[in-house]
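Trainee: Next up, entry_7.cif (mmCIF, N, CA and C atoms).
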```cif
data_protein
loop_
_atom_site.label_atom_id
_atom_site.label_comp_id
_atom_site.auth_asym_id
_atom_site.auth_seq_id
_atom_site.Cartn_x
_atom_site.Cartn_y
_atom_site.Cartn_z
N MET N 1 0.85 -1.18 0.00
CA MET N 1 0.00 0.00 0.00
C MET N 1 0.89 1.24 0.00
N SER N 2 0.55 2.21 -0.81
CA SER N 2 1.34 3.43 -0.88
C SER N 2 1.07 4.30 0.35
N GLU N 3 1.50 5.54 0.26
CA GLU N 3 1.33 6.47 1.38
C GLU N 3 -0.12 6.53 1.82
N PRO N 4 -0.36 6.55 3.14
CA PRO N 4 -1.75 6.56 3.62
C PRO N 4 -2.48 7.84 3.19
N GLN N 5 -3.72 7.66 2.85
CA GLN N 5 -4.57 8.77 2.44
C GLN N 5 -4.98 9.56 3.69
N GLU N 6 -4.98 10.88 3.59
CA GLU N 6 -5.36 11.72 4.73
C GLU N 6 -6.83 12.10 4.60
N PHE N 7 -7.57 11.91 5.66
CA PHE N 7 -9.00 12.21 5.68
C PHE N 7 -9.30 13.30 6.70
N LYS N 8 -10.33 14.08 6.44
CA LYS N 8 -10.74 15.12 7.38
C LYS N 8 -11.64 14.58 8.48
N GLN N 9 -12.49 13.60 8.16
CA GLN N 9 -13.48 13.09 9.11
C GLN N 9 -13.13 11.73 9.69
N LEU N 10 -12.29 10.96 9.00
CA LEU N 10 -12.00 9.59 9.42
C LEU N 10 -10.52 9.42 9.74
N ILE N 11 -10.25 8.50 10.64
CA ILE N 11 -8.89 8.02 10.89
C ILE N 11 -8.89 6.58 10.38
N VAL N 12 -8.00 6.26 9.46
CA VAL N 12 -7.99 4.95 8.82
C VAL N 12 -6.62 4.30 9.03
N GLN N 13 -6.66 3.06 9.55
CA GLN N 13 -5.44 2.31 9.80
C GLN N 13 -5.60 0.90 9.25
N PRO N 14 -4.54 0.32 8.68
CA PRO N 14 -4.63 -1.09 8.28
C PRO N 14 -4.74 -1.98 9.52
N MET N 15 -5.52 -3.04 9.41
CA MET N 15 -5.62 -3.99 10.52
C MET N 15 -4.51 -5.03 10.35
N PRO N 16 -4.16 -5.73 11.43
CA PRO N 16 -3.05 -6.68 11.37
C PRO N 16 -3.21 -7.76 10.30
N ASP N 17 -4.39 -8.33 10.15
CA ASP N 17 -4.55 -9.44 9.21
C ASP N 17 -5.07 -9.00 7.85
N ALA N 18 -6.09 -8.17 7.84
CA ALA N 18 -6.67 -7.71 6.57
C ALA N 18 -7.69 -6.64 6.87
N GLY N 19 -7.95 -5.82 5.90
CA GLY N 19 -8.98 -4.81 6.06
C GLY N 19 -8.46 -3.53 6.71
N LEU N 20 -9.40 -2.65 7.00
CA LEU N 20 -9.07 -1.35 7.55
C LEU N 20 -9.87 -1.07 8.82
N LEU N 21 -9.22 -0.48 9.78
CA LEU N 21 -9.88 -0.01 10.99
C LEU N 21 -10.19 1.46 10.77
N VAL N 22 -11.46 1.84 10.98
CA VAL N 22 -11.92 3.21 10.72
C VAL N 22 -12.49 3.79 12.00
N ARG N 23 -12.05 5.00 12.32
CA ARG N 23 -12.60 5.73 13.47
C ARG N 23 -12.99 7.13 12.99
N PHE N 24 -13.97 7.70 13.65
CA PHE N 24 -14.36 9.08 13.34
C PHE N 24 -13.50 10.04 14.16
N ARG N 25 -13.08 11.12 13.55
CA ARG N 25 -12.26 12.11 14.24
C ARG N 25 -13.06 12.88 15.29
N GLN N 26 -14.35 13.10 15.02
CA GLN N 26 -15.19 13.88 15.92
C GLN N 26 -16.13 12.95 16.68
N SER N 27 -16.48 13.34 17.89
CA SER N 27 -17.40 12.53 18.67
C SER N 27 -18.86 12.82 18.30
N ARG N 28 -19.09 13.94 17.63
CA ARG N 28 -20.44 14.32 17.22
C ARG N 28 -20.40 14.74 15.75
N ILE N 29 -21.02 13.94 14.91
CA ILE N 29 -21.02 14.24 13.48
C ILE N 29 -22.43 14.67 13.12
N MET N 30 -22.65 15.98 13.12
CA MET N 30 -24.00 16.50 12.96
C MET N 30 -24.11 17.45 11.77
N GLU N 31 -23.11 18.29 11.56
CA GLU N 31 -23.20 19.28 10.49
C GLU N 31 -23.19 18.56 9.15
N MET N 32 -24.07 19.00 8.26
CA MET N 32 -24.24 18.29 6.99
C MET N 32 -22.96 18.23 6.17
N ASP N 33 -22.13 19.28 6.20
CA ASP N 33 -20.89 19.21 5.42
C ASP N 33 -19.94 18.16 5.99
N HIS N 34 -19.93 17.97 7.32
CA HIS N 34 -19.09 16.93 7.92
C HIS N 34 -19.66 15.55 7.61
N VAL N 35 -20.97 15.42 7.63
CA VAL N 35 -21.60 14.14 7.29
C VAL N 35 -21.29 13.79 5.84
N HIS N 36 -21.40 14.78 4.95
CA HIS N 36 -21.12 14.54 3.53
C HIS N 36 -19.66 14.13 3.33
N GLU N 37 -18.73 14.83 4.00
CA GLU N 37 -17.31 14.46 3.91
C GLU N 37 -17.08 13.05 4.42
N ALA N 38 -17.68 12.71 5.55
CA ALA N 38 -17.51 11.38 6.12
C ALA N 38 -18.03 10.32 5.15
N ARG N 39 -19.18 10.58 4.54
CA ARG N 39 -19.75 9.64 3.57
C ARG N 39 -18.82 9.46 2.38
N THR N 40 -18.32 10.57 1.83
CA THR N 40 -17.41 10.51 0.69
C THR N 40 -16.14 9.74 1.04
N GLU N 41 -15.60 10.01 2.21
CA GLU N 41 -14.38 9.33 2.65
C GLU N 41 -14.64 7.83 2.86
N LEU N 42 -15.77 7.51 3.45
CA LEU N 42 -16.13 6.11 3.68
C LEU N 42 -16.28 5.37 2.36
N MET N 43 -16.95 6.00 1.40
CA MET N 43 -17.15 5.35 0.10
C MET N 43 -15.82 5.18 -0.65
N SER N 44 -14.85 6.05 -0.40
CA SER N 44 -13.55 5.93 -1.07
C SER N 44 -12.78 4.70 -0.57
N LEU N 45 -13.19 4.15 0.57
CA LEU N 45 -12.52 2.98 1.13
C LEU N 45 -13.07 1.67 0.59
N VAL N 46 -14.16 1.74 -0.15
CA VAL N 46 -14.78 0.53 -0.71
C VAL N 46 -13.83 -0.07 -1.74
N ALA N 47 -13.46 -1.32 -1.53
CA ALA N 47 -12.57 -2.03 -2.45
C ALA N 47 -12.91 -3.52 -2.39
N PRO N 48 -12.60 -4.26 -3.45
CA PRO N 48 -12.95 -5.68 -3.49
C PRO N 48 -12.47 -6.46 -2.28
N GLU N 49 -13.38 -7.28 -1.76
CA GLU N 49 -13.10 -8.20 -0.66
C GLU N 49 -12.48 -7.50 0.55
N ARG N 50 -12.85 -6.28 0.76
CA ARG N 50 -12.29 -5.52 1.88
C ARG N 50 -13.23 -5.57 3.08
N LEU N 51 -12.63 -5.70 4.23
CA LEU N 51 -13.36 -5.59 5.48
C LEU N 51 -13.07 -4.22 6.06
N LEU N 52 -14.13 -3.49 6.37
CA LEU N 52 -14.00 -2.24 7.10
C LEU N 52 -14.53 -2.49 8.51
N LEU N 53 -13.71 -2.25 9.49
CA LEU N 53 -14.13 -2.35 10.88
C LEU N 53 -14.25 -0.92 11.39
N ILE N 54 -15.46 -0.50 11.72
CA ILE N 54 -15.69 0.86 12.16
C ILE N 54 -15.88 0.88 13.66
N ASP N 55 -14.99 1.60 14.33
CA ASP N 55 -14.99 1.69 15.79
C ASP N 55 -15.70 2.97 16.21
N PHE N 56 -16.82 2.83 16.90
CA PHE N 56 -17.63 3.96 17.35
C PHE N 56 -17.38 4.31 18.82
N ALA N 57 -16.31 3.80 19.41
CA ALA N 57 -16.07 3.99 20.85
C ALA N 57 -16.04 5.47 21.25
N ASN N 58 -15.53 6.34 20.38
CA ASN N 58 -15.43 7.75 20.77
C ASN N 58 -16.58 8.60 20.22
N VAL N 59 -17.61 7.97 19.64
CA VAL N 59 -18.73 8.71 19.07
C VAL N 59 -19.87 8.75 20.09
N ASP N 60 -20.28 9.97 20.46
CA ASP N 60 -21.38 10.08 21.42
C ASP N 60 -22.63 10.68 20.81
N TYR N 61 -22.60 11.02 19.52
CA TYR N 61 -23.81 11.43 18.80
C TYR N 61 -23.71 10.91 17.39
N LEU N 62 -24.73 10.19 16.98
CA LEU N 62 -24.75 9.55 15.66
C LEU N 62 -26.00 10.02 14.93
N SER N 63 -25.83 10.81 13.87
CA SER N 63 -26.98 11.32 13.13
C SER N 63 -27.47 10.29 12.12
N SER N 64 -28.72 10.42 11.73
CA SER N 64 -29.29 9.46 10.77
C SER N 64 -28.59 9.49 9.41
N PRO N 65 -28.09 10.65 8.91
CA PRO N 65 -27.34 10.60 7.65
C PRO N 65 -26.06 9.76 7.75
N VAL N 66 -25.45 9.70 8.93
CA VAL N 66 -24.27 8.85 9.09
C VAL N 66 -24.67 7.38 8.97
N ILE N 67 -25.80 7.02 9.56
CA ILE N 67 -26.29 5.65 9.44
C ILE N 67 -26.59 5.35 7.97
N GLY N 68 -27.16 6.31 7.26
CA GLY N 68 -27.41 6.14 5.83
C GLY N 68 -26.12 5.92 5.05
N ALA N 69 -25.07 6.66 5.42
CA ALA N 69 -23.76 6.50 4.76
C ALA N 69 -23.20 5.10 5.01
N LEU N 70 -23.37 4.60 6.24
CA LEU N 70 -22.92 3.24 6.56
C LEU N 70 -23.64 2.21 5.71
N LEU N 71 -24.95 2.39 5.59
CA LEU N 71 -25.74 1.44 4.79
C LEU N 71 -25.33 1.50 3.32
N GLY N 72 -25.07 2.71 2.81
CA GLY N 72 -24.64 2.85 1.42
C GLY N 72 -23.31 2.17 1.17
N ALA N 73 -22.36 2.37 2.07
CA ALA N 73 -21.05 1.74 1.93
C ALA N 73 -21.17 0.22 2.04
N GLN N 74 -22.01 -0.25 2.97
CA GLN N 74 -22.22 -1.70 3.13
C GLN N 74 -22.80 -2.30 1.85
N ARG N 75 -23.76 -1.61 1.27
CA ARG N 75 -24.39 -2.08 0.03
C ARG N 75 -23.34 -2.22 -1.08
N GLU N 76 -22.47 -1.22 -1.23
CA GLU N 76 -21.43 -1.26 -2.26
C GLU N 76 -20.41 -2.36 -1.97
N LEU N 77 -20.02 -2.51 -0.71
CA LEU N 77 -19.06 -3.56 -0.36
C LEU N 77 -19.62 -4.95 -0.60
N LYS N 78 -20.89 -5.16 -0.29
CA LYS N 78 -21.48 -6.49 -0.50
C LYS N 78 -21.48 -6.88 -1.98
N LYS N 79 -21.59 -5.90 -2.86
CA LYS N 79 -21.56 -6.16 -4.31
C LYS N 79 -20.23 -6.77 -4.73
N ILE N 80 -19.18 -6.46 -3.98
CA ILE N 80 -17.84 -6.92 -4.35
C ILE N 80 -17.20 -7.79 -3.26
N ALA N 81 -18.04 -8.47 -2.51
CA ALA N 81 -17.61 -9.45 -1.50
C ALA N 81 -16.87 -8.83 -0.32
N GLY N 82 -17.17 -7.58 0.00
CA GLY N 82 -16.61 -6.95 1.18
C GLY N 82 -17.69 -6.80 2.24
N SER N 83 -17.33 -6.22 3.38
CA SER N 83 -18.34 -6.01 4.42
C SER N 83 -17.86 -4.98 5.44
N ILE N 84 -18.81 -4.50 6.21
CA ILE N 84 -18.52 -3.59 7.30
C ILE N 84 -18.90 -4.29 8.60
N SER N 85 -17.98 -4.26 9.55
CA SER N 85 -18.26 -4.69 10.91
C SER N 85 -18.18 -3.44 11.78
N ILE N 86 -18.92 -3.46 12.88
CA ILE N 86 -19.00 -2.30 13.75
C ILE N 86 -18.66 -2.74 15.17
N CYS N 87 -17.93 -1.88 15.88
CA CYS N 87 -17.64 -2.17 17.28
C CYS N 87 -17.71 -0.89 18.09
N GLY N 88 -17.78 -1.05 19.40
CA GLY N 88 -17.71 0.07 20.31
C GLY N 88 -18.93 0.97 20.36
N LEU N 89 -20.09 0.47 19.94
CA LEU N 89 -21.30 1.28 20.01
C LEU N 89 -21.71 1.50 21.46
N HIS N 90 -22.06 2.72 21.81
CA HIS N 90 -22.62 2.98 23.13
C HIS N 90 -23.98 2.28 23.21
N ALA N 91 -24.44 2.00 24.41
CA ALA N 91 -25.65 1.22 24.63
C ALA N 91 -26.86 1.77 23.87
N GLN N 92 -27.04 3.11 23.87
CA GLN N 92 -28.21 3.67 23.19
C GLN N 92 -28.14 3.45 21.67
N PHE N 93 -26.93 3.46 21.10
CA PHE N 93 -26.79 3.21 19.66
C PHE N 93 -26.99 1.74 19.35
N GLU N 94 -26.50 0.89 20.24
CA GLU N 94 -26.70 -0.54 20.06
C GLU N 94 -28.19 -0.87 20.04
N GLU N 95 -28.94 -0.25 20.94
CA GLU N 95 -30.39 -0.44 20.98
C GLU N 95 -31.03 0.11 19.70
N LEU N 96 -30.60 1.28 19.25
CA LEU N 96 -31.12 1.87 18.01
C LEU N 96 -30.87 0.93 16.83
N PHE N 97 -29.66 0.40 16.72
CA PHE N 97 -29.33 -0.53 15.63
C PHE N 97 -30.23 -1.76 15.70
N ARG N 98 -30.51 -2.23 16.91
CA ARG N 98 -31.37 -3.41 17.09
C ARG N 98 -32.81 -3.08 16.67
N VAL N 99 -33.34 -1.94 17.12
CA VAL N 99 -34.71 -1.53 16.79
C VAL N 99 -34.88 -1.35 15.27
N LEU N 100 -33.85 -0.78 14.62
CA LEU N 100 -33.91 -0.56 13.17
C LEU N 100 -33.50 -1.80 12.37
N HIS N 101 -33.21 -2.89 13.07
CA HIS N 101 -32.79 -4.16 12.46
C HIS N 101 -31.47 -4.03 11.71
N LEU N 102 -30.66 -3.05 12.08
CA LEU N 102 -29.36 -2.88 11.45
C LEU N 102 -28.36 -3.92 11.93
N ASN N 103 -28.69 -4.58 13.05
CA ASN N 103 -27.84 -5.68 13.52
C ASN N 103 -27.89 -6.86 12.55
N LYS N 104 -28.84 -6.83 11.61
CA LYS N 104 -28.90 -7.87 10.57
C LYS N 104 -28.06 -7.46 9.36
N SER N 105 -27.76 -6.17 9.23
CA SER N 105 -26.96 -5.68 8.10
C SER N 105 -25.47 -5.64 8.42
N PHE N 106 -25.14 -5.48 9.69
CA PHE N 106 -23.74 -5.35 10.10
C PHE N 106 -23.41 -6.38 11.17
N GLU N 107 -22.19 -6.87 11.14
CA GLU N 107 -21.67 -7.67 12.24
C GLU N 107 -21.30 -6.67 13.33
N ILE N 108 -21.88 -6.80 14.52
CA ILE N 108 -21.65 -5.84 15.59
C ILE N 108 -20.94 -6.52 16.77
N TYR N 109 -19.85 -5.91 17.21
CA TYR N 109 -19.05 -6.42 18.32
C TYR N 109 -19.10 -5.42 19.48
N PRO N 110 -19.00 -5.90 20.70
CA PRO N 110 -19.07 -4.98 21.84
C PRO N 110 -17.88 -4.03 21.93
N ASP N 111 -16.69 -4.49 21.47
CA ASP N 111 -15.50 -3.66 21.58
C ASP N 111 -14.49 -4.03 20.49
N LEU N 112 -13.47 -3.22 20.37
CA LEU N 112 -12.45 -3.41 19.34
C LEU N 112 -11.72 -4.73 19.51
N GLU N 113 -11.38 -5.07 20.72
CA GLU N 113 -10.62 -6.30 20.97
C GLU N 113 -11.37 -7.53 20.47
N SER N 114 -12.66 -7.64 20.78
CA SER N 114 -13.42 -8.81 20.34
C SER N 114 -13.58 -8.82 18.82
N ALA N 115 -13.73 -7.66 18.22
CA ALA N 115 -13.84 -7.58 16.76
C ALA N 115 -12.55 -8.03 16.09
N LEU N 116 -11.43 -7.55 16.59
CA LEU N 116 -10.14 -7.95 16.01
C LEU N 116 -9.89 -9.44 16.20
N ARG N 117 -10.23 -9.93 17.37
CA ARG N 117 -10.03 -11.36 17.67
C ARG N 117 -10.87 -12.22 16.73
N ASP N 118 -12.13 -11.85 16.54
CA ASP N 118 -13.02 -12.63 15.69
C ASP N 118 -12.63 -12.54 14.22
N ASN N 119 -12.17 -11.39 13.77
CA ASN N 119 -11.81 -11.21 12.37
C ASN N 119 -10.41 -11.72 12.04
N ALA N 120 -9.59 -12.01 13.04
CA ALA N 120 -8.24 -12.51 12.80
C ALA N 120 -8.27 -13.89 12.16
N GLY N 121 -9.30 -14.67 12.44
CA GLY N 121 -9.38 -16.02 11.90
C GLY N 121 -9.90 -16.09 10.49
N GLU N 122 -10.40 -14.99 9.93
CA GLU N 122 -10.96 -14.99 8.58
C GLU N 122 -9.86 -14.87 7.55
N GLU N 123 -10.07 -15.38 6.40
CA GLU N 123 -9.20 -15.33 5.23
C GLU N 123 -9.61 -16.45 4.33
#
```
Could you write out this structure as structure tokens?
Mentor:
Amino acid sequence: MSEPQEFKQLIVQPMPDAGLLVRFRQSRIMEMDHVHEARTELMSLVAPERLLLIDFANVDYLSSPVIGALLGAQRELKKIAGSISICGLHAQFEELFRVLHLNKSFEIYPDLESALRDNAGEE
């Protein structure tokens, strides 16, 4: 992989085995221009057979357009045998994902450690 791409809204790191670990730079993504940037950056990470692990541990406000961006990226990744896993959701977001049945669209882990452990065996 060449020089890492710099993002305004996301922090992106390669994971030890495969895929990318993605974190949001801000704990509250509410302003539409930030949501749009985050969506654009997230979609730029879509690549064949790629796993994106998105860590929400530092996010304390999650707007519905961000959830829409996640669903859009997941839809594109599934077309090319990739997927998004999510970890570190605060309890209220975990409940929201369950109520909206998003737990059926994403693999959800309680924390980063369990997500990395579970995804280390894949290949």
Trainee: Between N:Gly88, N:Gly82, N:Pro110, N:Gly72, which one has atoms that come closest to Phe56 of chain N, using only N, CA and C atoms?
Mentor: N:Gly88
Trainee: May I ask which of the residues N:Leu52, N:Leu45, N:Tyr61, N:Asp17 is the closest one to Ser85 of chain N, counting only N, CA and C atoms?
Mentor: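 So, comparing all the options, the nearest one is N:Leu52.
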Trainee: Enumerate the residues of chain N with a DSSP assignment of helix (DSSP H, G or I), computed from the backbone, and present them as a ChimeraX atom specification.
Mentor: /N:32-44,64-79,91-99,102-104,112-120
Trainee: Residues within 6.5 Å of Leu62 of chain N, please, as number ranges by chain. Count all atoms listed in the file; anything in the same chain fewer than 5 positions from it doesn't count.
Mentor: N: 28-29, 67
Trainee: DSSP on the backbone, strand (DSSP E or B) only: what residues of segment 3-115 of chain N does that give? Format it as a list in words.
Mentor: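 Those residues are Leu10, Ile11, Val12, Gln13, Pro14, Leu20, Leu21, Val22, Arg23, Phe24, Arg28, Ile29, Leu51, Leu52, Leu53, Ile54, Asp55, Tyr61, Leu62, Ser83, Ile84, Ser85, Ile86, Cys87, Glu107, Ile108 and Tyr109 of chain N.
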Trainee: Nearest to Asn119 of chain N among N:Arg75, N:Glu95, N:Pro16, N:Val46, with distances taken over only C-alpha atoms: which residue is it?
Mentor: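 Going through N:Arg75, N:Glu95, N:Pro16, N:Val46 one by one, the smallest distance to Asn119 of chain N is for N:Pro16.
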Trainee: For the provided coordinates, the residues matched by the PyMOL selection byres ((chain N and resi 8) around 8) should be stated as a VMD selection string.
Mentor: chain N and resid 5 to 7 9 to 11 24 to 26 34 37 to 38 41
Trainee: Store the residues picked out above, limited to N, CA and C atoms, as a PDB file, in the coordinates of the input.
Mentor:
```pdb
ATOM      1  N   GLN N   5      -3.720   7.660   2.850  1.00  0.00           N
ATOM      2  CA  GLN N   5      -4.570   8.770   2.440  1.00  0.00           C
ATOM      3  C   GLN N   5      -4.980   9.560   3.690  1.00  0.00           C
ATOM      4  N   GLU N   6      -4.980  10.880   3.590  1.00  0.00           N
ATOM      5  CA  GLU N   6      -5.360  11.720   4.730  1.00  0.00           C
ATOM      6  C   GLU N   6      -6.830  12.100   4.600  1.00  0.00           C
ATOM      7  N   PHE N   7      -7.570  11.910   5.660  1.00  0.00           N
ATOM      8  CA  PHE N   7      -9.000  12.210   5.680  1.00  0.00           C
ATOM      9  C   PHE N   7      -9.300  13.300   6.700  1.00  0.00           C
ATOM     10  N   GLN N   9     -12.490  13.600   8.160  1.00  0.00           N
ATOM     11  CA  GLN N   9     -13.480  13.090   9.110  1.00  0.00           C
ATOM     12  C   GLN N   9     -13.130  11.730   9.690  1.00  0.00           C
ATOM     13  N   LEU N  10     -12.290  10.960   9.000  1.00  0.00           N
ATOM     14  CA  LEU N  10     -12.000   9.590   9.420  1.00  0.00           C
ATOM     15  C   LEU N  10     -10.520   9.420   9.740  1.00  0.00           C
ATOM     16  N   ILE N  11     -10.250   8.500  10.640  1.00  0.00           N
ATOM     17  CA  ILE N  11      -8.890   8.020  10.890  1.00  0.00           C
ATOM     18  C   ILE N  11      -8.890   6.580  10.380  1.00  0.00           C
ATOM     19  N   PHE N  24     -13.970   7.700  13.650  1.00  0.00           N
ATOM     20  CA  PHE N  24     -14.360   9.080  13.340  1.00  0.00           C
ATOM     21  C   PHE N  24     -13.500  10.040  14.160  1.00  0.00           C
ATOM     22  N   ARG N  25     -13.080  11.120  13.550  1.00  0.00           N
ATOM     23  CA  ARG N  25     -12.260  12.110  14.240  1.00  0.00           C
ATOM     24  C   ARG N  25     -13.060  12.880  15.290  1.00  0.00           C
ATOM     25  N   GLN N  26     -14.350  13.100  15.020  1.00  0.00           N
ATOM     26  CA  GLN N  26     -15.190  13.880  15.920  1.00  0.00           C
ATOM     27  C   GLN N  26     -16.130  12.950  16.680  1.00  0.00           C
ATOM     28  N   HIS N  34     -19.930  17.970   7.320  1.00  0.00           N
ATOM     29  CA  HIS N  34     -19.090  16.930   7.920  1.00  0.00           C
ATOM     30  C   HIS N  34     -19.660  15.550   7.610  1.00  0.00           C
ATOM     31  N   GLU N  37     -18.730  14.830   4.000  1.00  0.00           N
ATOM     32  CA  GLU N  37     -17.310  14.460   3.910  1.00  0.00           C
ATOM     33  C   GLU N  37     -17.080  13.050   4.420  1.00  0.00           C
ATOM     34  N   ALA N  38     -17.680  12.710   5.550  1.00  0.00           N
ATOM     35  CA  ALA N  38     -17.510  11.380   6.120  1.00  0.00           C
ATOM     36  C   ALA N  38     -18.030  10.320   5.150  1.00  0.00           C
ATOM     37  N   GLU N  41     -15.600  10.010   2.210  1.00  0.00           N
ATOM     38  CA  GLU N  41     -14.380   9.330   2.650  1.00  0.00           C
ATOM     39  C   GLU N  41     -14.640   7.830   2.860  1.00  0.00           C
TER      40      GLU N  41
END
```
Trainee: To one decimal in Å, tell me the separation between atom CA of Met32 of chain N and atom N of Val12 of chain N.
Mentor: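 That distance, rounded to one decimal, is 20.4 Å.
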Trainee: Please report the interatomic distance between atom CA of Phe106 of chain N and atom N of Pro65 of chain N in Å with one decimal.
Mentor: 16.6 Å
Trainee: Just the number, please: distance in Å from atom N of Lys104 of chain N to atom CA of Leu42 of chain N, one decimal.
Mentor: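 Distance between the two atoms: 19.8 Å.
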Trainee: Name all residues at most 12 Å from Pro48 of chain N (count only C-alpha atoms; drop same-chain ones fewer than 3 positions away) and give them as a list in words.
Mentor: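 After dropping sequence-adjacent residues, the list is Gly19, Ser44, Leu45, Leu51, Leu52, Glu76, Leu77, Lys78, Lys79, Ile80, Ala81, Gly82 and Ser83 of chain N.
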